[in-house]
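Below: target-v1.txt (compact mmCIF, C-alpha atoms)
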```txt
# COMPACT_ATOMS: atom_id res chain seq x y z
CA MET G 331 -55.46 30.33 -28.20
CA THR G 332 -52.04 31.37 -26.91
CA ARG G 333 -49.20 29.34 -28.44
CA PHE G 334 -46.65 29.05 -25.65
CA ALA G 335 -44.58 26.83 -27.95
CA ASP G 336 -43.54 30.04 -29.74
CA LEU G 337 -41.61 31.04 -26.61
CA LEU G 338 -39.20 28.15 -27.05
CA ALA G 339 -35.97 28.97 -28.87
CA THR G 340 -33.57 26.11 -29.66
CA ASN G 341 -32.17 25.17 -26.26
CA TYR G 342 -35.15 22.94 -25.48
CA LYS G 343 -34.06 20.66 -28.33
CA THR G 344 -30.68 20.23 -26.65
CA LEU G 345 -32.45 19.40 -23.39
CA VAL G 346 -34.50 16.72 -25.12
CA THR G 347 -31.31 15.25 -26.62
CA GLN G 348 -29.81 15.10 -23.13
CA TYR G 349 -32.93 13.42 -21.74
CA LEU G 350 -32.72 10.74 -24.43
CA GLN G 351 -28.99 10.23 -23.88
CA GLU G 352 -29.58 9.83 -20.15
CA ASP G 353 -32.17 7.10 -20.74
CA VAL G 354 -30.11 5.15 -23.32
CA PRO G 355 -26.40 5.77 -22.68
CA SER G 356 -25.26 2.63 -24.52
CA PHE G 357 -27.22 -0.24 -26.15
CA ASP G 358 -30.99 -0.24 -26.70
CA TYR G 359 -31.70 -3.88 -25.98
CA GLY G 360 -35.49 -3.52 -26.14
CA GLY G 361 -35.15 -1.84 -29.52
CA TYR G 362 -33.21 -4.83 -30.83
CA VAL G 363 -36.08 -7.08 -29.75
CA VAL G 364 -38.82 -5.18 -31.61
CA GLY G 365 -36.92 -4.11 -34.73
CA GLU G 366 -37.80 -1.48 -37.33
CA GLY G 367 -41.30 -2.38 -38.40
CA GLU G 368 -43.59 0.63 -38.87
CA LYS G 369 -46.02 0.98 -35.97
CA GLU G 370 -48.68 3.26 -34.54
CA ALA G 371 -48.94 4.04 -30.81
CA ILE G 372 -51.82 5.75 -29.01
CA LEU G 373 -51.25 8.25 -26.20
CA TYR G 374 -53.94 7.94 -23.54
CA CYS G 375 -54.68 10.34 -20.68
CA LYS G 376 -56.01 8.31 -17.74
CA ALA G 377 -56.48 10.96 -15.04
CA GLU G 378 -57.52 14.56 -14.53
CA GLY G 379 -55.04 16.98 -16.04
CA VAL G 380 -54.32 20.00 -18.21
CA LEU G 381 -52.46 18.91 -21.34
CA ALA G 382 -49.03 20.58 -21.32
CA GLY G 383 -45.56 19.87 -22.67
CA VAL G 384 -46.63 19.17 -26.24
CA PRO G 385 -43.58 20.73 -27.98
CA PHE G 386 -41.21 18.73 -25.77
CA PHE G 387 -43.14 15.52 -26.45
CA ASP G 388 -43.08 16.29 -30.18
CA GLU G 389 -39.34 16.97 -30.11
CA VAL G 390 -38.58 13.63 -28.46
CA PHE G 391 -40.17 11.83 -31.38
CA ARG G 392 -38.92 14.24 -34.03
CA GLN G 393 -35.37 13.37 -32.98
CA LEU G 394 -36.30 9.71 -33.42
CA ASN G 395 -37.82 10.25 -36.89
CA CYS G 396 -41.36 9.67 -35.68
CA ARG G 397 -44.50 11.73 -36.29
CA VAL G 398 -47.09 12.83 -33.72
CA GLU G 399 -50.71 13.72 -34.50
CA TRP G 400 -52.73 15.33 -31.70
CA SER G 401 -56.46 14.99 -31.16
CA ALA G 402 -56.36 17.33 -28.11
CA LYS G 403 -54.90 20.82 -27.83
CA GLU G 404 -52.31 22.02 -25.38
CA GLY G 405 -54.11 23.71 -22.48
CA ASP G 406 -57.16 21.44 -22.74
CA TYR G 407 -58.62 20.33 -19.41
CA ILE G 408 -59.05 16.56 -19.51
CA ASN G 409 -60.93 14.49 -16.95
CA PRO G 410 -61.54 11.13 -18.60
CA GLU G 411 -63.75 8.32 -17.46
CA GLY G 412 -61.25 5.52 -17.76
CA LYS G 413 -58.94 6.82 -20.50
CA LYS G 414 -59.04 9.30 -23.37
CA GLU G 415 -57.00 9.27 -26.55
CA VAL G 416 -55.09 12.53 -27.01
CA ALA G 417 -52.48 11.70 -29.68
CA ARG G 418 -51.02 9.08 -32.00
CA VAL G 419 -47.34 8.46 -32.71
CA TYR G 420 -46.18 6.93 -35.99
CA GLY G 421 -42.74 5.49 -36.67
CA LYS G 422 -40.48 2.48 -36.39
CA ALA G 423 -41.26 0.29 -33.39
CA ARG G 424 -37.83 0.63 -31.81
CA HIS G 425 -37.90 4.41 -32.24
CA ILE G 426 -41.33 4.76 -30.62
CA LEU G 427 -40.25 2.64 -27.65
CA LEU G 428 -36.91 4.43 -27.43
CA GLY G 429 -38.71 7.72 -26.82
CA GLU G 430 -41.69 6.37 -24.86
CA ARG G 431 -40.55 6.84 -21.26
CA THR G 432 -38.77 10.16 -21.87
CA ALA G 433 -41.81 11.62 -23.61
CA LEU G 434 -44.18 10.31 -20.94
CA ASN G 435 -42.03 11.65 -18.10
CA ILE G 436 -42.18 15.09 -19.69
CA ILE G 437 -45.89 15.22 -20.39
CA CYS G 438 -46.94 13.60 -17.09
CA ARG G 439 -44.91 16.11 -15.07
CA CYS G 440 -45.73 19.17 -17.17
CA SER G 441 -49.46 18.40 -17.26
CA GLY G 442 -49.55 17.92 -13.49
CA ILE G 443 -48.01 21.34 -12.95
CA ALA G 444 -50.39 22.88 -15.48
CA LEU G 445 -53.35 21.35 -13.62
CA ARG G 446 -52.17 22.77 -10.27
CA ALA G 447 -51.63 26.18 -11.89
CA ARG G 448 -55.05 26.06 -13.58
CA LYS G 449 -56.79 25.30 -10.29
CA VAL G 450 -55.03 28.20 -8.57
CA HIS G 451 -55.84 30.48 -11.51
CA ASP G 452 -59.51 29.47 -11.43
CA LEU G 453 -59.65 30.18 -7.70
CA GLN G 454 -58.02 33.57 -8.27
CA THR G 455 -60.63 34.41 -10.91
CA ALA G 456 -63.51 33.25 -8.72
CA LYS G 457 -62.29 35.37 -5.80
CA GLY G 458 -61.54 38.42 -7.96
CA PHE G 459 -57.88 38.78 -6.95
CA LYS G 460 -56.28 41.24 -9.39
CA GLY G 461 -52.65 40.60 -8.47
CA ILE G 462 -50.12 38.20 -9.96
CA ILE G 463 -49.77 34.61 -8.78
CA ALA G 464 -46.36 33.17 -9.61
CA ALA G 465 -44.31 30.05 -9.19
CA THR G 466 -40.79 30.13 -7.71
CA ARG G 467 -37.27 28.97 -8.60
CA LYS G 468 -37.84 25.77 -6.60
CA THR G 469 -37.77 23.45 -9.59
CA THR G 470 -36.18 20.13 -10.56
CA PRO G 471 -32.57 20.45 -11.79
CA GLY G 472 -32.47 19.90 -15.54
CA PHE G 473 -36.25 20.10 -15.81
CA ARG G 474 -36.89 23.77 -15.04
CA LEU G 475 -37.84 24.79 -18.57
CA VAL G 476 -40.47 22.04 -18.76
CA GLU G 477 -41.85 22.93 -15.33
CA LYS G 478 -41.99 26.67 -15.95
CA TYR G 479 -43.66 25.95 -19.29
CA GLY G 480 -46.35 24.01 -17.45
CA VAL G 481 -46.93 26.99 -15.16
CA LEU G 482 -47.58 29.20 -18.19
CA VAL G 483 -49.95 26.72 -19.82
CA GLY G 484 -51.86 26.55 -16.53
CA GLY G 485 -52.33 30.32 -16.54
CA LEU G 486 -49.91 31.62 -13.91
CA ASP G 487 -46.69 33.64 -13.89
CA THR G 488 -43.32 31.88 -14.00
CA HIS G 489 -41.59 34.42 -11.70
CA ARG G 490 -37.87 34.77 -12.46
CA MET G 491 -36.53 31.96 -14.60
CA ASP G 492 -33.03 31.96 -13.09
CA LEU G 493 -30.49 33.98 -11.13
CA SER G 494 -29.78 36.15 -14.18
CA SER G 495 -33.42 37.19 -14.70
CA MET G 496 -33.85 39.44 -11.66
CA VAL G 497 -31.90 40.39 -8.56
CA MET G 498 -33.46 38.82 -5.47
CA LEU G 499 -31.72 39.69 -2.22
CA LYS G 500 -32.51 37.19 0.53
CA ASP G 501 -31.38 37.05 4.14
CA ASN G 502 -28.01 35.49 3.27
CA HIS G 503 -27.24 38.25 0.78
CA ILE G 504 -28.18 40.92 3.32
CA TRP G 505 -26.14 39.36 6.13
CA SER G 506 -23.16 39.00 3.79
CA ALA G 507 -23.42 42.60 2.52
CA GLY G 508 -23.97 44.03 6.01
CA SER G 509 -27.37 45.67 5.52
CA ILE G 510 -30.34 45.89 3.20
CA THR G 511 -29.23 49.35 2.04
CA GLN G 512 -25.73 48.17 1.19
CA ALA G 513 -27.03 45.07 -0.58
CA VAL G 514 -29.40 47.12 -2.76
CA GLN G 515 -26.66 49.64 -3.56
CA ASN G 516 -24.25 46.85 -4.54
CA ALA G 517 -26.89 45.27 -6.76
CA ARG G 518 -27.83 48.51 -8.48
CA LYS G 519 -24.23 49.11 -9.53
CA VAL G 520 -24.29 46.10 -11.80
CA ALA G 521 -27.98 45.49 -12.51
CA GLY G 522 -28.46 48.87 -14.16
CA PHE G 523 -31.91 49.96 -15.31
CA ALA G 524 -32.85 46.68 -16.99
CA LEU G 525 -33.16 44.39 -13.97
CA LYS G 526 -35.54 44.75 -11.06
CA ILE G 527 -34.25 44.36 -7.52
CA GLU G 528 -36.33 42.49 -4.96
CA VAL G 529 -35.58 42.28 -1.24
CA GLU G 530 -36.83 39.60 1.13
CA CYS G 531 -38.08 41.25 4.32
CA GLN G 532 -39.06 39.77 7.67
CA SER G 533 -40.69 42.92 9.08
CA GLU G 534 -42.20 46.27 8.11
CA GLU G 535 -39.01 47.95 9.29
CA GLU G 536 -36.93 45.92 6.85
CA ALA G 537 -39.42 46.67 4.09
CA ASP G 538 -39.15 50.39 4.83
CA GLU G 539 -35.36 50.19 4.55
CA ALA G 540 -35.61 48.29 1.25
CA ILE G 541 -38.05 50.81 -0.24
CA ALA G 542 -35.92 53.74 0.91
CA ALA G 543 -32.88 52.10 -0.69
CA GLY G 544 -34.70 51.89 -4.02
CA ALA G 545 -35.88 48.27 -4.18
CA ASP G 546 -38.45 47.63 -6.89
CA ILE G 547 -40.17 44.78 -5.04
CA VAL G 548 -40.35 43.98 -1.35
CA MET G 549 -41.15 40.42 -0.39
CA LEU G 550 -42.98 40.01 2.89
CA ASP G 551 -41.76 36.54 3.76
CA ASN G 552 -43.66 34.08 5.94
CA PHE G 553 -46.25 36.60 7.14
CA THR G 554 -49.63 35.22 8.20
CA GLY G 555 -52.68 36.06 6.10
CA GLU G 556 -54.10 38.83 8.30
CA GLY G 557 -50.67 40.04 9.39
CA LEU G 558 -49.65 40.24 5.74
CA LYS G 559 -52.70 42.29 4.78
CA ALA G 560 -52.14 44.74 7.63
CA ALA G 561 -48.43 45.15 6.82
CA ALA G 562 -49.05 45.58 3.10
CA ARG G 563 -51.74 48.20 3.70
CA SER G 564 -49.51 50.06 6.18
CA LEU G 565 -46.57 50.14 3.76
CA LYS G 566 -48.62 51.27 0.78
CA GLU G 567 -50.35 54.05 2.75
CA ARG G 568 -47.20 55.25 4.53
CA TRP G 569 -45.12 55.54 1.39
CA ALA G 570 -47.96 56.92 -0.72
CA SER G 571 -48.21 59.80 1.75
CA LYS G 572 -44.59 60.59 0.82
CA GLY G 573 -45.34 60.38 -2.89
CA VAL G 574 -43.51 57.04 -3.26
CA ARG G 575 -45.39 54.44 -5.24
CA HIS G 576 -42.66 52.80 -7.34
CA PHE G 577 -42.53 49.51 -5.46
CA MET G 578 -44.54 46.29 -5.56
CA ILE G 579 -45.29 44.00 -2.63
CA GLU G 580 -44.89 40.26 -2.92
CA SER G 581 -45.95 37.66 -0.40
CA SER G 582 -44.26 34.27 -0.19
CA GLY G 583 -43.65 31.43 2.21
CA GLY G 584 -45.86 28.44 2.96
CA ILE G 585 -48.72 29.46 0.67
CA THR G 586 -50.70 26.56 -0.80
CA TYR G 587 -53.77 26.09 -2.97
CA GLU G 588 -55.77 25.47 0.17
CA THR G 589 -54.60 28.66 1.90
CA CYS G 590 -53.87 31.15 -0.89
CA ALA G 591 -57.33 32.75 -0.90
CA GLY G 592 -56.63 33.98 2.63
CA TYR G 593 -53.82 36.14 1.21
CA PHE G 594 -55.82 37.81 -1.55
CA CYS G 595 -56.13 41.56 -1.04
CA ASP G 596 -55.79 44.78 -3.04
CA ASP G 597 -52.50 45.78 -1.38
CA ILE G 598 -50.68 42.61 -2.45
CA ASP G 599 -49.29 42.75 -5.97
CA ILE G 600 -47.74 39.29 -6.18
CA LEU G 601 -48.27 35.96 -4.45
CA SER G 602 -45.54 33.39 -5.09
CA MET G 603 -46.08 29.72 -4.35
CA SER G 604 -43.47 26.97 -4.47
CA THR G 605 -46.29 24.41 -4.29
CA ILE G 606 -47.15 25.11 -7.93
CA THR G 607 -44.07 23.08 -8.94
CA GLN G 608 -43.16 21.17 -5.77
CA GLY G 609 -45.02 18.09 -4.56
CA VAL G 610 -47.35 18.13 -7.54
CA PRO G 611 -48.88 14.76 -8.56
CA HIS G 612 -48.09 13.66 -12.10
CA VAL G 613 -50.93 13.09 -14.54
CA ASP G 614 -51.21 9.46 -15.65
CA PHE G 615 -50.56 9.04 -19.38
CA SER G 616 -49.67 5.86 -21.23
CA LEU G 617 -48.44 5.13 -24.76
CA LYS G 618 -49.63 1.84 -26.27
CA ILE G 619 -48.67 0.21 -29.57
CA SER G 620 -51.76 -0.60 -31.62
CA HIS G 621 -52.23 -4.32 -32.16
```

What do you get writing this file as structure tokens?
Amino acid sequence: MTRFADLLATNYKTLVTQYLQEDVPSFDYGGYVVGEGEKEAILYCKAEGVLAGVPFFDEVFRQLNCRVEWSAKEGDYINPEGKKEVARVYGKARHILLGERTALNIICRCSGIALRARKVHDLQTAKGFKGIIAATRKTTPGFRLVEKYGVLVGGLDTHRMDLSSMVMLKDNHIWSAGSITQAVQNARKVAGFALKIEVECQSEEEADEAIAAGADIVMLDNFTGEGLKAAARSLKERWASKGVRHFMIESSGGITYETCAGYFCDDIDILSMSTITQGVPHVDFSLKISH
């Protein structure tokens, strides 16, 4: 099985430290109450989910000198009747409780995103769509790495991680630069060969200008399902007749799990959906001290 944990460098450890500092900025009063007796706590999954966020959960307790043993694997689909044990945490009582809420917040959120991504991925497979389905940059400040990690565990593409990962020229960039052509030219001067340039387009005419200017990806934004398919087919055929095939077509804007199948077609290379990370229900986990 793919080990997405191997993608993580060292910055995620700093994030976990910040999460813990946010939750306990001064005294740990509850920790004083329970003391330093050695305890065992059981992590239960109590709702449908795809287990995700394991390395972040582990790091919370590693920083608190606790040990985690998993009985489920990251990426497992879980749909318990009542509750299902997925891990046990061993350590001092105050340390386990110090990390409890931070660790739960991470795994509940990450597993919810992974479940949404898995459902979209399963639908894509069932319908035979060969393109890429990706999330967007609409993530929670400070929590993006966790959320994008959940997208990967669920089986979808993260899209760009940040503003430095790819050049995406939206309407505000174009209006500020004066035209699509000028915006693409300005971007190419500094992006070089290593970064792709994507242009958000509201019409076929804008897409034509972007392709002519050398954009690598054109985003057909807020097109309807059938209108999108017609525009994508027209663009691919028109430019192929000129020997131009370097570009990809992305569709975005208002696409949900319920509607995404209506956008699947051979002329669309990428579907991006903000609903993979936005408005996603958390999976219910709880951590209980054995007694």

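Between CA of Ala570 in chain G and CA of Cys531 in chain G the interatomic distance comes to 19.2 Å.
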
Q: For the point (-49.4, 26.9, -16.0) in the file's frame, write as a PyMOL selection string all residues with an atom no more than 9 Å away, counting only C-alpha atoms.
A: chain G and resi 380+382+405+440-441+443-448+451+477-488+606

Q: Show me as a PyMOL selection string the residues that reach within 6 Å of (-31.0, 48.0, -4.1), counting only C-alpha atoms and using the file's own coordinates.
A: chain G and resi 514-515+517-518+527+543-545

Q. Between G:Asp599, G:Asp546, G:Asp614, G:Asp388, which has the minimum distance to Val574 in chain G (counting only C-alpha atoms)?
A. G:Asp546

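Candidate residues G:Glu430, G:Glu411, G:Glu588, G:Asp358 were compared for distance to Leu373 in chain G, and the nearest is G:Glu430, using only C-alpha atoms.
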
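Here CA of Gln351 in chain G is placed at a distance of 19.1 Å from CA of Arg439 in chain G.
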
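Going from CA of Ile619 in chain G over to CA of Lys369 in chain G, you cover 7.0 Å.
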
Q. What's the 12 Å shell around Leu338 in chain G, counting all atoms listed in the file, without same-chain residues fewer than 6 positions away, as a VMD selection string?
A. chain G and resid 344 to 345 383 to 386 389 475 to 476 478 to 479

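Nearest to Gly429 in chain G of all the residues G:Leu565, G:Ile504, G:Tyr359, G:Leu617 is G:Leu617, based on all atoms listed in the file.
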
Q) Nearest to Glu399 in chain G: which of G:Ala542, G:Leu525, G:Ile372, G:Leu558 is it, counting only C-alpha atoms? A) G:Ile372

Q | 12 Å contact set for Tyr349 in chain G, all atoms listed in the file, chain neighbours under 6 positions out, as number ranges by chain | A | G: 342-343, 355, 386-387, 389-390, 393, 428-436, 472-473, 476

I need the residues from that last selection saved to file as a PDB file, in the frame of the given file (with C-alpha atoms), if you can.
```pdb
ATOM      1  CA  TYR G 342     -35.150  22.940 -25.480  1.00  0.00           C
ATOM      2  CA  LYS G 343     -34.060  20.660 -28.330  1.00  0.00           C
ATOM      3  CA  PRO G 355     -26.400   5.770 -22.680  1.00  0.00           C
ATOM      4  CA  PHE G 386     -41.210  18.730 -25.770  1.00  0.00           C
ATOM      5  CA  PHE G 387     -43.140  15.520 -26.450  1.00  0.00           C
ATOM      6  CA  GLU G 389     -39.340  16.970 -30.110  1.00  0.00           C
ATOM      7  CA  VAL G 390     -38.580  13.630 -28.460  1.00  0.00           C
ATOM      8  CA  GLN G 393     -35.370  13.370 -32.980  1.00  0.00           C
ATOM      9  CA  LEU G 428     -36.910   4.430 -27.430  1.00  0.00           C
ATOM     10  CA  GLY G 429     -38.710   7.720 -26.820  1.00  0.00           C
ATOM     11  CA  GLU G 430     -41.690   6.370 -24.860  1.00  0.00           C
ATOM     12  CA  ARG G 431     -40.550   6.840 -21.260  1.00  0.00           C
ATOM     13  CA  THR G 432     -38.770  10.160 -21.870  1.00  0.00           C
ATOM     14  CA  ALA G 433     -41.810  11.620 -23.610  1.00  0.00           C
ATOM     15  CA  LEU G 434     -44.180  10.310 -20.940  1.00  0.00           C
ATOM     16  CA  ASN G 435     -42.030  11.650 -18.100  1.00  0.00           C
ATOM     17  CA  ILE G 436     -42.180  15.090 -19.690  1.00  0.00           C
ATOM     18  CA  GLY G 472     -32.470  19.900 -15.540  1.00  0.00           C
ATOM     19  CA  PHE G 473     -36.250  20.100 -15.810  1.00  0.00           C
ATOM     20  CA  VAL G 476     -40.470  22.040 -18.760  1.00  0.00           C
TER      21      VAL G 476
END
```

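Counting all atoms listed in the file, the residue from G:Ile598, G:Ala513, G:Ala417, G:Leu350 that sits nearest to Lys559 in chain G is G:Ile598.
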